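Visitor: The structure file run_24.csv (CSV, C-alpha atoms and all ligand atoms) is provided below.
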```
chain,number,residue,atom,x,y,z
A,1,MET,CA,68.6,-23.0,40.8
A,2,LYS,CA,67.0,-21.0,43.6
A,3,LEU,CA,64.4,-18.2,43.1
A,4,PHE,CA,65.7,-14.6,43.3
A,5,ASN,CA,64.4,-13.6,46.7
A,6,VAL,CA,62.4,-10.4,46.1
A,7,TYR,CA,59.1,-11.2,47.8
A,8,PRO,CA,58.4,-11.6,51.6
A,9,ILE,CA,55.9,-14.4,51.3
A,10,ASN,CA,53.3,-16.1,53.4
A,11,ASP,CA,54.1,-19.8,53.9
A,12,ILE,CA,51.0,-20.9,52.1
A,13,THR,CA,50.7,-22.9,48.8
A,14,ILE,CA,47.4,-22.2,47.0
A,15,THR,CA,46.5,-25.0,44.6
A,16,ARG,CA,42.8,-24.4,43.7
A,17,ALA,CA,40.5,-21.4,43.4
A,18,ARG,CA,36.9,-20.6,42.6
A,19,GLY,CA,35.0,-17.3,42.9
A,20,SER,CA,36.2,-15.6,46.0
A,21,ARG,CA,37.6,-18.8,47.6
A,22,VAL,CA,41.0,-20.4,47.4
A,23,TRP,CA,42.3,-23.6,48.9
A,24,ASP,CA,45.8,-24.6,49.9
A,25,ASP,CA,47.6,-27.9,49.3
A,26,ILE,CA,46.2,-29.5,52.5
A,27,GLY,CA,42.7,-28.5,51.7
A,28,THR,CA,42.3,-25.4,53.9
A,29,GLU,CA,39.8,-22.9,52.5
A,30,TYR,CA,40.5,-19.2,52.5
A,31,LEU,CA,38.3,-16.2,51.7
A,32,ASP,CA,40.1,-13.9,49.2
A,33,MET,CA,39.5,-10.3,50.1
A,34,TYR,CA,42.7,-9.3,48.3
A,35,GLY,CA,41.9,-10.6,44.8
A,36,GLY,CA,45.5,-11.6,44.3
A,37,HIS,CA,46.3,-7.9,44.5
A,38,ALA,CA,43.3,-6.5,42.7
A,39,VAL,CA,43.8,-8.9,39.8
A,40,ILE,CA,40.7,-11.1,40.2
A,41,SER,CA,37.9,-9.1,38.7
A,42,ILE,CA,35.2,-11.6,37.7
A,43,GLY,CA,36.1,-14.3,40.3
A,44,HIS,CA,38.8,-17.0,40.3
A,45,GLN,CA,38.3,-19.6,37.5
A,46,HIS,CA,35.0,-18.2,36.2
A,47,PRO,CA,33.6,-21.0,33.9
A,48,HIS,CA,33.1,-18.6,31.0
A,49,TRP,CA,36.7,-17.4,31.3
A,50,VAL,CA,38.1,-20.9,31.5
A,51,LYS,CA,36.0,-21.9,28.5
A,52,ARG,CA,37.0,-18.9,26.4
A,53,ILE,CA,40.7,-19.5,27.1
A,54,THR,CA,40.5,-23.3,26.6
A,55,ASP,CA,38.6,-22.9,23.3
A,56,GLN,CA,41.2,-20.4,22.1
A,57,LEU,CA,44.1,-22.6,23.2
A,58,ASP,CA,42.7,-25.4,21.0
A,59,LYS,CA,42.9,-23.0,17.9
A,60,ILE,CA,45.9,-20.7,18.2
A,61,ALA,CA,47.7,-19.1,21.3
A,62,PHE,CA,50.1,-16.7,19.6
A,63,TYR,CA,51.2,-15.2,16.4
A,64,SER,CA,53.1,-12.0,16.0
A,65,ASN,CA,51.6,-8.5,15.5
A,66,SER,CA,52.7,-8.6,11.9
A,67,ILE,CA,49.4,-10.2,10.8
A,68,ARG,CA,45.7,-9.4,11.2
A,69,ILE,CA,44.4,-10.6,14.6
A,70,PRO,CA,40.6,-10.2,14.6
A,71,ILE,CA,40.3,-11.1,18.3
A,72,GLN,CA,42.2,-7.9,19.1
A,73,GLU,CA,39.6,-5.9,17.2
A,74,GLU,CA,36.8,-7.8,18.9
A,75,LEU,CA,38.4,-6.9,22.3
A,76,ALA,CA,38.8,-3.2,21.3
A,77,THR,CA,35.2,-3.0,20.2
A,78,LYS,CA,33.9,-4.6,23.4
A,79,LEU,CA,36.2,-2.4,25.6
A,80,GLY,CA,35.0,0.7,23.8
A,81,GLU,CA,31.4,-0.4,24.5
A,82,VAL,CA,31.8,-1.4,28.2
A,83,SER,CA,34.0,1.7,29.1
A,84,ASN,CA,31.7,3.9,27.0
A,85,LYS,CA,34.6,5.2,25.0
A,86,PRO,CA,34.1,3.7,21.5
A,87,HIS,CA,36.0,6.7,20.0
A,88,PHE,CA,39.3,5.8,21.8
A,89,GLU,CA,42.0,3.5,20.3
A,90,LEU,CA,43.6,0.5,22.0
A,91,PHE,CA,47.3,-0.5,22.3
A,92,LEU,CA,47.8,-3.9,24.0
A,93,CYS,CA,50.7,-4.9,26.1
A,94,ASN,CA,51.3,-7.3,29.0
A,95,SER,CA,51.4,-5.5,32.4
A,96,GLY,CA,50.6,-2.4,34.3
A,97,ALA,CA,54.2,-1.0,34.3
A,98,GLU,CA,54.4,-1.6,30.5
A,99,ALA,CA,51.0,0.2,30.1
A,100,ASN,CA,52.3,3.3,32.0
A,101,GLU,CA,55.7,3.1,30.2
A,102,ASN,CA,53.9,3.3,26.9
A,103,ALA,CA,51.5,6.0,28.1
A,104,LEU,CA,54.3,8.3,29.2
A,105,LYS,CA,56.4,7.6,26.2
A,106,LEU,CA,53.4,8.3,23.9
A,107,ALA,CA,52.7,11.6,25.8
A,108,SER,CA,56.3,12.7,25.2
A,109,PHE,CA,56.2,11.7,21.5
A,110,HIS,CA,53.0,13.6,21.1
A,111,THR,CA,54.0,16.8,22.9
A,112,GLY,CA,57.7,16.8,22.1
A,113,ARG,CA,58.2,17.5,25.8
A,114,LYS,CA,60.0,15.8,28.6
A,115,LYS,CA,58.5,16.8,32.0
A,116,VAL,CA,56.0,14.7,33.8
A,117,ILE,CA,53.9,15.6,36.9
A,118,ALA,CA,53.2,12.7,39.3
A,119,PHE,CA,52.0,12.7,42.9
A,120,LYS,CA,53.3,11.9,46.4
A,121,LYS,CA,52.7,8.2,47.4
A,122,SER,CA,52.0,7.3,43.7
A,123,PHE,CA,52.8,3.8,42.3
A,124,HIS,CA,53.0,3.4,38.6
A,125,GLY,CA,55.2,0.3,38.2
A,126,ARG,CA,58.9,-0.8,38.1
A,127,THR,CA,60.1,-0.2,34.6
A,128,SER,CA,62.2,2.8,33.7
A,129,LEU,CA,59.7,5.7,33.3
A,130,ALA,CA,57.0,4.1,35.3
A,131,VAL,CA,59.3,3.7,38.3
A,132,ALA,CA,60.7,7.3,37.8
A,133,ALA,CA,57.1,8.5,38.2
A,134,THR,CA,56.7,6.3,41.4
A,135,ASP,CA,57.2,8.0,44.7
A,136,ASN,CA,59.4,5.4,46.3
A,137,PRO,CA,63.1,6.1,46.1
A,138,SER,CA,63.9,2.6,47.4
A,139,ILE,CA,62.8,1.0,44.1
A,140,VAL,CA,64.3,3.6,41.8
A,141,ALA,CA,67.7,2.4,40.5
A,142,PRO,CA,70.3,5.1,39.8
A,143,VAL,CA,69.8,4.7,36.1
A,144,ASN,CA,66.1,5.4,36.4
A,145,ALA,CA,66.4,8.6,38.5
A,146,THR,CA,65.5,11.7,36.5
A,147,ASP,CA,64.8,15.4,37.1
A,148,ASN,CA,62.0,15.2,34.5
A,149,VAL,CA,59.4,14.0,37.0
A,150,LEU,CA,58.0,16.5,39.4
A,151,PHE,CA,56.1,15.1,42.4
A,152,LEU,CA,53.2,17.2,43.8
A,153,PRO,CA,51.4,16.8,47.1
A,154,TRP,CA,48.1,14.8,46.8
A,155,ASN,CA,44.8,16.7,46.3
A,156,ASP,CA,46.6,20.1,46.4
A,157,ALA,CA,45.0,22.4,43.9
A,158,GLU,CA,47.3,25.3,44.6
A,159,ALA,CA,50.4,23.2,43.9
A,160,ILE,CA,48.9,22.2,40.5
A,161,THR,CA,48.0,25.7,39.5
A,162,LYS,CA,51.4,27.0,40.5
A,163,ILE,CA,53.4,24.4,38.6
A,164,PHE,CA,51.4,24.8,35.4
A,165,ALA,CA,51.7,28.6,35.6
A,166,GLU,CA,55.5,28.2,36.0
A,167,GLN,CA,56.3,25.3,33.7
A,168,GLY,CA,53.1,24.4,31.9
A,169,HIS,CA,54.6,24.6,28.4
A,170,GLU,CA,57.3,22.0,29.3
A,171,ILE,CA,54.8,19.5,30.7
A,172,ALA,CA,54.3,16.4,28.6
A,173,ALA,CA,52.0,14.6,30.9
A,174,VAL,CA,50.3,14.4,34.3
A,175,ILE,CA,49.9,10.8,35.5
A,176,ILE,CA,47.4,10.1,38.3
A,177,GLU,CA,45.7,7.1,39.9
A,178,GLY,CA,42.0,7.9,40.5
A,179,ILE,CA,42.4,6.1,43.7
A,180,GLN,CA,46.0,5.5,44.9
A,181,GLY,CA,46.4,1.8,45.7
A,182,VAL,CA,49.9,0.9,46.8
A,183,GLY,CA,50.1,4.3,48.5
A,184,GLY,CA,47.3,3.3,50.9
A,185,ILE,CA,43.9,4.0,49.2
A,186,HIS,CA,43.6,7.7,48.7
A,187,VAL,CA,40.8,9.0,46.5
A,188,ALA,CA,41.6,11.9,44.1
A,189,SER,CA,39.0,14.6,44.6
A,190,ASN,CA,36.6,15.4,41.8
A,191,GLU,CA,37.8,19.0,41.9
A,192,LEU,CA,41.4,18.0,41.6
A,193,LEU,CA,40.8,15.8,38.6
A,194,GLN,CA,38.7,18.6,37.0
A,195,LEU,CA,41.5,21.1,37.6
A,196,LEU,CA,44.0,18.7,36.0
A,197,ARG,CA,41.8,18.4,33.0
A,198,THR,CA,41.6,22.2,32.6
A,199,CYS,CA,45.3,22.7,33.1
A,200,CYS,CA,46.2,19.9,30.6
A,201,ASP,CA,43.8,21.5,28.0
A,202,LYS,CA,45.2,25.0,28.6
A,203,TYR,CA,48.9,23.9,28.2
A,204,GLY,CA,48.6,21.1,25.7
A,205,SER,CA,49.7,18.4,28.2
A,206,VAL,CA,48.5,14.8,28.2
A,207,LEU,CA,46.3,13.6,31.1
A,208,ILE,CA,47.1,9.9,31.9
A,209,ALA,CA,44.6,8.1,34.1
A,210,ASP,CA,46.5,5.2,35.7
A,211,SER,CA,43.7,2.8,36.0
A,212,VAL,CA,45.8,-0.3,36.5
A,213,GLN,CA,44.4,-0.9,40.0
A,214,CYS,CA,41.4,1.4,40.4
A,215,GLY,CA,40.0,0.8,36.9
A,216,TYR,CA,38.1,-2.0,35.1
A,217,GLY,CA,34.9,-1.5,37.2
A,218,ARG,CA,36.5,-1.8,40.6
A,219,SER,CA,35.3,1.6,41.8
A,220,GLY,CA,31.7,1.0,40.6
A,221,LYS,CA,32.3,2.9,37.4
A,222,PHE,CA,34.5,1.6,34.6
A,223,PHE,CA,37.3,4.1,35.4
A,224,SER,CA,37.4,5.6,38.8
A,225,HIS,CA,38.3,8.9,37.1
A,226,ASP,CA,34.7,8.8,35.6
A,227,HIS,CA,33.3,9.7,39.0
A,228,ALA,CA,34.7,13.2,38.4
A,229,GLY,CA,33.0,13.5,35.0
A,230,ILE,CA,36.2,14.1,33.1
A,231,GLU,CA,37.8,12.3,30.2
A,232,ALA,CA,41.5,11.6,30.3
A,233,ASP,CA,43.7,11.4,27.2
A,234,ILE,CA,45.2,8.0,28.0
A,235,TYR,CA,43.9,5.3,30.3
A,236,SER,CA,46.4,2.6,31.4
A,237,MET,CA,45.0,-0.8,32.4
A,238,ALA,CA,46.1,-4.2,33.5
A,239,LYS,CA,45.3,-6.2,36.7
A,240,GLY,CA,41.5,-6.9,36.4
A,241,MET,CA,41.7,-6.8,32.6
A,242,GLY,CA,42.5,-10.5,32.3
A,243,ASN,CA,41.3,-11.9,35.7
A,244,GLY,CA,44.8,-13.4,36.2
A,245,PHE,CA,45.8,-13.9,32.6
A,246,PRO,CA,48.6,-11.4,31.9
A,247,ILE,CA,47.3,-8.6,29.7
A,248,GLY,CA,47.6,-4.8,29.9
A,249,GLY,CA,46.8,-1.9,27.6
A,250,ILE,CA,46.3,1.8,27.0
A,251,MET,CA,43.2,3.4,25.7
A,252,ILE,CA,44.2,6.5,23.6
A,253,SER,CA,42.1,9.5,22.8
A,254,PRO,CA,41.7,10.3,19.1
A,255,LYS,CA,43.5,13.6,19.8
A,256,ILE,CA,46.7,11.5,19.7
A,257,PRO,CA,47.4,10.2,16.3
A,258,SER,CA,49.4,6.9,15.8
A,259,ARG,CA,52.3,6.4,13.5
A,260,HIS,CA,54.0,3.1,12.6
A,261,PHE,CA,56.6,1.8,15.0
A,262,MET,CA,55.9,4.5,17.6
A,263,LEU,CA,55.0,1.7,20.0
A,264,GLY,CA,55.4,-2.0,19.7
A,265,THR,CA,55.5,-5.4,21.5
A,266,THR,CA,56.1,-9.0,20.8
A,267,PHE,CA,53.6,-10.6,23.1
A,268,GLY,CA,51.0,-7.8,23.7
A,269,GLY,CA,47.6,-8.6,22.2
A,270,ASN,CA,48.3,-12.3,21.7
A,271,HIS,CA,45.3,-14.5,20.9
A,272,LEU,CA,45.1,-16.1,24.3
A,273,ALA,CA,45.3,-12.9,26.3
A,274,CYS,CA,42.6,-11.3,24.1
A,275,ALA,CA,40.3,-14.4,24.7
A,276,ALA,CA,40.8,-13.9,28.5
A,277,GLY,CA,40.2,-10.1,28.1
A,278,LEU,CA,37.0,-10.7,26.2
A,279,ALA,CA,35.7,-13.2,28.7
A,280,VAL,CA,36.2,-10.6,31.5
A,281,LEU,CA,34.2,-7.9,29.7
A,282,GLU,CA,31.5,-10.4,28.7
A,283,VAL,CA,31.1,-11.5,32.3
A,284,MET,CA,31.2,-8.0,33.6
A,285,GLN,CA,28.2,-7.1,31.4
A,286,GLN,CA,26.3,-10.4,31.9
A,287,GLU,CA,26.6,-10.2,35.7
A,288,SER,CA,26.4,-6.4,36.0
A,289,LEU,CA,29.6,-6.5,38.0
A,290,MET,CA,30.2,-2.7,38.1
A,291,HIS,CA,26.8,-2.1,39.7
A,292,HIS,CA,27.5,-5.1,42.1
A,293,ALA,CA,30.9,-3.7,43.1
A,294,ALA,CA,29.3,-0.3,44.0
A,295,THR,CA,26.6,-2.0,46.1
A,296,MET,CA,29.0,-4.4,47.9
A,297,GLY,CA,31.4,-1.5,48.4
A,298,ASN,CA,28.7,0.6,50.1
A,299,TYR,CA,27.7,-2.3,52.3
A,300,LEU,CA,31.3,-3.0,53.4
A,301,MET,CA,32.2,0.7,53.9
A,302,ASN,CA,29.0,1.3,56.1
A,303,GLU,CA,29.8,-1.8,58.2
A,304,LEU,CA,33.4,-0.8,58.5
A,305,LYS,CA,32.6,2.7,59.6
A,306,ALA,CA,30.5,1.3,62.4
A,307,ILE,CA,33.5,-0.6,64.0
A,308,PRO,CA,34.9,1.8,66.6
A,309,GLU,CA,38.4,0.4,66.7
A,310,ILE,CA,39.2,1.1,63.0
A,311,HIS,CA,39.5,4.6,61.5
A,312,ASN,CA,39.4,6.6,58.3
A,313,VAL,CA,37.5,4.1,56.2
A,314,ARG,CA,37.9,5.2,52.6
A,315,GLY,CA,37.7,4.1,49.0
A,316,MET,CA,35.1,3.5,46.3
A,317,GLY,CA,33.4,0.3,45.3
A,318,LEU,CA,35.6,-2.7,46.0
A,319,MET,CA,38.8,-0.7,46.5
A,320,ILE,CA,38.7,0.0,50.3
A,321,GLY,CA,41.2,1.0,52.9
A,322,PHE,CA,41.1,1.6,56.6
A,323,ASP,CA,43.6,2.5,59.4
A,324,VAL,CA,44.3,0.1,62.2
A,325,PRO,CA,45.6,1.4,65.5
A,326,GLU,CA,49.1,0.4,66.6
A,327,LYS,CA,47.8,-2.1,69.2
A,328,LEU,CA,46.1,-4.1,66.4
A,329,ASN,CA,49.1,-4.0,64.1
A,330,ASN,CA,49.0,-7.8,63.7
A,331,LEU,CA,45.3,-7.7,62.4
A,332,LYS,CA,46.2,-8.6,58.9
A,333,LYS,CA,48.3,-11.6,60.0
A,334,ASN,CA,45.7,-12.7,62.4
A,335,LEU,CA,42.9,-12.5,59.8
A,336,LEU,CA,45.0,-14.8,57.7
A,337,SER,CA,46.2,-17.3,60.3
A,338,SER,CA,43.1,-17.6,62.5
A,339,TYR,CA,40.2,-16.6,60.2
A,340,LYS,CA,41.7,-17.8,56.9
A,341,ILE,CA,41.1,-14.5,55.1
A,342,PHE,CA,43.5,-12.8,52.7
A,343,THR,CA,43.6,-9.0,52.8
A,344,GLY,CA,46.1,-6.5,51.5
A,345,GLU,CA,48.1,-3.9,53.4
A,346,ALA,CA,49.9,-0.6,53.0
A,347,LYS,CA,52.3,0.9,55.5
A,348,PRO,CA,51.8,2.0,58.2
A,349,ASN,CA,48.9,-0.1,59.6
A,350,VAL,CA,46.5,0.2,56.6
A,351,ILE,CA,44.4,-2.7,55.5
A,352,ARG,CA,43.3,-2.8,51.9
A,353,LEU,CA,40.4,-4.7,50.5
A,354,LEU,CA,40.5,-5.6,46.8
A,355,PRO,CA,38.2,-8.6,46.4
A,356,SER,CA,36.7,-9.9,43.2
A,357,LEU,CA,33.9,-7.7,41.8
A,358,ALA,CA,31.7,-10.7,42.1
A,359,LEU,CA,32.1,-10.9,45.9
A,360,THR,CA,28.9,-12.3,47.3
A,361,GLU,CA,26.8,-10.8,50.1
A,362,GLU,CA,27.4,-13.8,52.2
A,363,ASP,CA,31.2,-13.6,51.8
A,364,ALA,CA,31.1,-9.8,52.5
A,365,ALA,CA,29.1,-10.5,55.7
A,366,ILE,CA,31.5,-13.3,56.7
A,367,PHE,CA,34.4,-10.9,56.3
A,368,ILE,CA,32.8,-8.2,58.6
A,369,GLN,CA,31.9,-10.9,61.2
A,370,SER,CA,35.4,-12.3,61.2
A,371,LEU,CA,37.0,-8.8,61.4
A,372,LYS,CA,34.9,-7.9,64.4
A,373,GLN,CA,35.9,-11.2,66.1
A,374,ALA,CA,39.5,-10.7,65.3
A,375,ILE,CA,39.4,-7.2,66.8
A,376,ALA,CA,37.5,-8.4,69.9
A,377,HIS,CA,39.9,-11.3,70.5
A,378,HIS,CA,43.1,-9.7,69.4
A,379,PRO,CA,46.1,-11.4,71.0
B,401,LIG,C1,48.3,1.9,40.0
B,401,LIG,C2,49.3,0.9,39.5
B,401,LIG,N1,50.0,1.1,38.4
B,401,LIG,C3,50.9,0.3,37.9
B,401,LIG,C4,51.1,-0.9,38.5
B,401,LIG,C5,52.1,-1.9,37.9
B,401,LIG,O1,51.5,-3.0,37.4
B,401,LIG,P1,52.3,-4.3,37.1
B,401,LIG,O2,52.7,-4.9,38.4
B,401,LIG,O3,51.4,-5.2,36.3
B,401,LIG,O4,53.5,-3.9,36.3
B,401,LIG,C6,50.5,-1.2,39.7
B,401,LIG,C7,50.7,-2.5,40.4
B,401,LIG,O5,50.4,-2.7,41.6
B,401,LIG,C8,49.5,-0.3,40.2
B,401,LIG,O6,48.9,-0.5,41.4
```
Written as structure tokens, how would this file's structure read?

Guide:
Amino acid sequence: MKLFNVYPINDITITRARGSRVWDDIGTEYLDMYGGHAVISIGHQHPHWVKRITDQLDKIAFYSNSIRIPIQEELATKLGEVSNKPHFELFLCNSGAEANENALKLASFHTGRKKVIAFKKSFHGRTSLAVAATDNPSIVAPVNATDNVLFLPWNDAEAITKIFAEQGHEIAAVIIEGIQGVGGIHVASNELLQLLRTCCDKYGSVLIADSVQCGYGRSGKFFSHDHAGIEADIYSMAKGMGNGFPIGGIMISPKIPSRHFMLGTTFGGNHLACAAGLAVLEVMQQESLMHHAATMGNYLMNELKAIPEIHNVRGMGLMIGFDVPEKLNNLKKNLLSSYKIFTGEAKPNVIRLLPSLALTEEDAAIFIQSLKQAIAHHP
């Protein structure tokens, strides 16, 4: 059987990884400034993560959510501590789309309403409601299309005030990435997030902070929405949560009460995923990775801003984007083929950096050096 061909891939086979480095099947070493799409939070194959998962595997990998699973409670407690939201509650699932699907569904159950506000260039996943709230018609199947999602322009306070004044009592939820990832690294302004908080409070709508890519310490704070000093009602998480082990979840405000069978999952919160999730949070604390991400992000952004050929350097912590002029439109490919560096992209001509939060100063400096060379010697 062949694989269903949905990914345009690089012809590279990675067989080994450590920290911010990966190696292919013929031993070529690469610097990973892409973090496997923002997934690698504490570094590839971190020894503590490997040990936690291996130890758990020796005991039990899975049993259904019909029994008590203490490691889920351990993860919830640790997550409450690290995110500084011990009063929230945790529902575990397996991916980012599933986290947003559950967040939106929960908001609708809670409010009894149907309408959702999302934003231009947003990406929330590929399942039914998550994709309906994603601003990319090419990935929305006819069955997923709905009039219930209203897309507003990015960082436009007037548009928000207007829609709430007109339809506020019908709005179940607003879903917003604190920093848009797939859309090309666009930071939500503090004022916009504060306005959303005010409007949601006034009209009884649920504020969902999609933190799948920008959360889990990547921005230098646990949630990028924290920079605005607001608290959302639901935070969706995945990617960095397991450092490559599939796990997602939503953190839910105590304002939203649970009831049995409202949400559910077979695999979500399995023992092995929780062990991976705990290892990530333990390493984040032990190695002060949030603080490190902020420091490394400032270093990278200052260095990038000093390179005249690239423009509009933006982001927070280790979630960085910059524009590349048309004449350098092969820069990403060139960084990979000639300098052995993985980066991310967004169209048109945007490079995204999403490395491990444990990126070393040496590796950051190597990246800047290589980028300068790639620009100076572009073919
Ligand atoms: C902001 C955001 N939300 C949701 C998702 C979907 O996550 P997953 O691919 O794990 O379903 C992504 C994936 O890139 C994302 O960037």

Visitor: I want to know what sits within 9 Å of stretch 188-191 of chain A, based on only C-alpha atoms, with residues of the same chain fewer than 3 positions away left out; could you give that as a list in words?

Guide: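 So the residues in contact are Trp154, Asn155, Ala157, Ile176, Glu177, Gly178, Ile179, Gln180, Gln194, Leu195, Leu196, His225, His227, Ala228, Gly229 and Ile230 of chain A.
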
Visitor: Selected residues, C-alpha atoms, written as a CSV table (one decimal), keeping the file's coordinate frame, please.

Guide:
```
chain,number,residue,atom,x,y,z
A,154,TRP,CA,48.1,14.8,46.8
A,155,ASN,CA,44.8,16.7,46.3
A,157,ALA,CA,45.0,22.4,43.9
A,176,ILE,CA,47.4,10.1,38.3
A,177,GLU,CA,45.7,7.1,39.9
A,178,GLY,CA,42.0,7.9,40.5
A,179,ILE,CA,42.4,6.1,43.7
A,180,GLN,CA,46.0,5.5,44.9
A,194,GLN,CA,38.7,18.6,37.0
A,195,LEU,CA,41.5,21.1,37.6
A,196,LEU,CA,44.0,18.7,36.0
A,225,HIS,CA,38.3,8.9,37.1
A,227,HIS,CA,33.3,9.7,39.0
A,228,ALA,CA,34.7,13.2,38.4
A,229,GLY,CA,33.0,13.5,35.0
A,230,ILE,CA,36.2,14.1,33.1
```

Visitor: So which residues touch stretch 251-253 of chain A within 10 Å, counting all atoms listed in the file, skipping near sequence neighbours fewer than 6 positions away, as a PDB file with C-alpha atoms, in the coordinates of the input?

Guide:
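Final file, selection33.pdb:
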```pdb
ATOM      1  CA  ALA A  76      38.800  -3.200  21.300  1.00  0.00           C
ATOM      2  CA  LEU A  79      36.200  -2.400  25.600  1.00  0.00           C
ATOM      3  CA  GLY A  80      35.000   0.700  23.800  1.00  0.00           C
ATOM      4  CA  SER A  83      34.000   1.700  29.100  1.00  0.00           C
ATOM      5  CA  LYS A  85      34.600   5.200  25.000  1.00  0.00           C
ATOM      6  CA  PRO A  86      34.100   3.700  21.500  1.00  0.00           C
ATOM      7  CA  HIS A  87      36.000   6.700  20.000  1.00  0.00           C
ATOM      8  CA  PHE A  88      39.300   5.800  21.800  1.00  0.00           C
ATOM      9  CA  GLU A  89      42.000   3.500  20.300  1.00  0.00           C
ATOM     10  CA  LEU A  90      43.600   0.500  22.000  1.00  0.00           C
ATOM     11  CA  PHE A  91      47.300  -0.500  22.300  1.00  0.00           C
ATOM     12  CA  LEU A  92      47.800  -3.900  24.000  1.00  0.00           C
ATOM     13  CA  ALA A  99      51.000   0.200  30.100  1.00  0.00           C
ATOM     14  CA  ALA A 103      51.500   6.000  28.100  1.00  0.00           C
ATOM     15  CA  LEU A 106      53.400   8.300  23.900  1.00  0.00           C
ATOM     16  CA  VAL A 206      48.500  14.800  28.200  1.00  0.00           C
ATOM     17  CA  ILE A 208      47.100   9.900  31.900  1.00  0.00           C
ATOM     18  CA  ALA A 209      44.600   8.100  34.100  1.00  0.00           C
ATOM     19  CA  GLU A 231      37.800  12.300  30.200  1.00  0.00           C
ATOM     20  CA  ALA A 232      41.500  11.600  30.300  1.00  0.00           C
ATOM     21  CA  ASP A 233      43.700  11.400  27.200  1.00  0.00           C
ATOM     22  CA  ILE A 234      45.200   8.000  28.000  1.00  0.00           C
ATOM     23  CA  TYR A 235      43.900   5.300  30.300  1.00  0.00           C
ATOM     24  CA  SER A 236      46.400   2.600  31.400  1.00  0.00           C
ATOM     25  CA  MET A 237      45.000  -0.800  32.400  1.00  0.00           C
TER      26      MET A 237
END
```

Visitor: As a ChimeraX atom specification, please: every protein or nucleic acid residue near ligand LIG 401 (chain B) (cut-off 7 Å, counting only C-alpha atoms and all ligand atoms).

Guide: /A:95-98,100,123-126,177,180-182,210-214,238-239

Visitor: Between atom CA of A:Asp32 and atom CA of A:Leu331, what is the distance, to one decimal in Å?

Guide: 15.5 Å

Visitor: For atom CA of A:Tyr299 and atom CA of A:Arg18, quote the distance in Å rounded to one decimal.

Guide: 22.7 Å

Visitor: With all atoms listed in the file counted, which protein, DNA or RNA residues have an atom no more than 9 Å from (32.0, -7.2, 57.6) in the file frame? Please answer as a PyMOL selection string.

Guide: chain A and resi 299-301+303-304+363-372

Visitor: What is the atom CA of A:Ser41-atom CA of A:Arg352 distance in Å, reported with one decimal?

Guide: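 That distance, rounded to one decimal, is 15.6 Å.
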
Visitor: Would you kindly return, as a PDB file with C-alpha atoms, in the frame of the given file, each protein, DNA or RNA residue with an atom no farther than 6 Å from any atom of stretch 333-347 of chain A, considering all atoms listed in the file and excluding same-chain residues fewer than 6 positions away?

Guide:
```pdb
ATOM      1  CA  TYR A  30      40.500 -19.200  52.500  1.00  0.00           C
ATOM      2  CA  LEU A  31      38.300 -16.200  51.700  1.00  0.00           C
ATOM      3  CA  ASP A  32      40.100 -13.900  49.200  1.00  0.00           C
ATOM      4  CA  MET A  33      39.500 -10.300  50.100  1.00  0.00           C
ATOM      5  CA  TYR A  34      42.700  -9.300  48.300  1.00  0.00           C
ATOM      6  CA  GLY A 184      47.300   3.300  50.900  1.00  0.00           C
ATOM      7  CA  LEU A 353      40.400  -4.700  50.500  1.00  0.00           C
TER       8      LEU A 353
END
```

Visitor: Please list as a PDB file with C-alpha atoms, in the coordinates of the input every residue within 10 Å of A:Ser288, counting only C-alpha atoms and excluding residues in the same chain fewer than 5 positions away.

Guide:
```pdb
ATOM      1  CA  GLY A 217      34.900  -1.500  37.200  1.00  0.00           C
ATOM      2  CA  GLU A 282      31.500 -10.400  28.700  1.00  0.00           C
ATOM      3  CA  VAL A 283      31.100 -11.500  32.300  1.00  0.00           C
ATOM      4  CA  ALA A 293      30.900  -3.700  43.100  1.00  0.00           C
ATOM      5  CA  LEU A 357      33.900  -7.700  41.800  1.00  0.00           C
ATOM      6  CA  ALA A 358      31.700 -10.700  42.100  1.00  0.00           C
TER       7      ALA A 358
END
```

Visitor: Taking a cut-off of 6 Å and counting only C-alpha atoms, can you build a table that, for each residue of stretch 245-356 of chain A near stretch 59-75 of chain A, reports the nearest atom pair and how far apart they are in Å (one decimal), sorted by chain then residue number, as JSON lines?

Guide:
```
{"residue": "A:Asn270", "atom": "CA", "partner": "A:Phe62", "partner_atom": "CA", "distance": 5.2}
{"residue": "A:His271", "atom": "CA", "partner": "A:Ala61", "partner_atom": "CA", "distance": 5.2}
{"residue": "A:Leu272", "atom": "CA", "partner": "A:Ala61", "partner_atom": "CA", "distance": 5.0}
{"residue": "A:Leu278", "atom": "CA", "partner": "A:Leu75", "partner_atom": "CA", "distance": 5.6}
```

Visitor: Select, counting all atoms listed in the file, all protein, DNA and RNA residues no farther than 7 Å from (39.8, 4.5, 48.5) in file coordinates, and express the selection as a PyMOL selection string.

Guide: chain A and resi 179+185-187+314-316+319-321
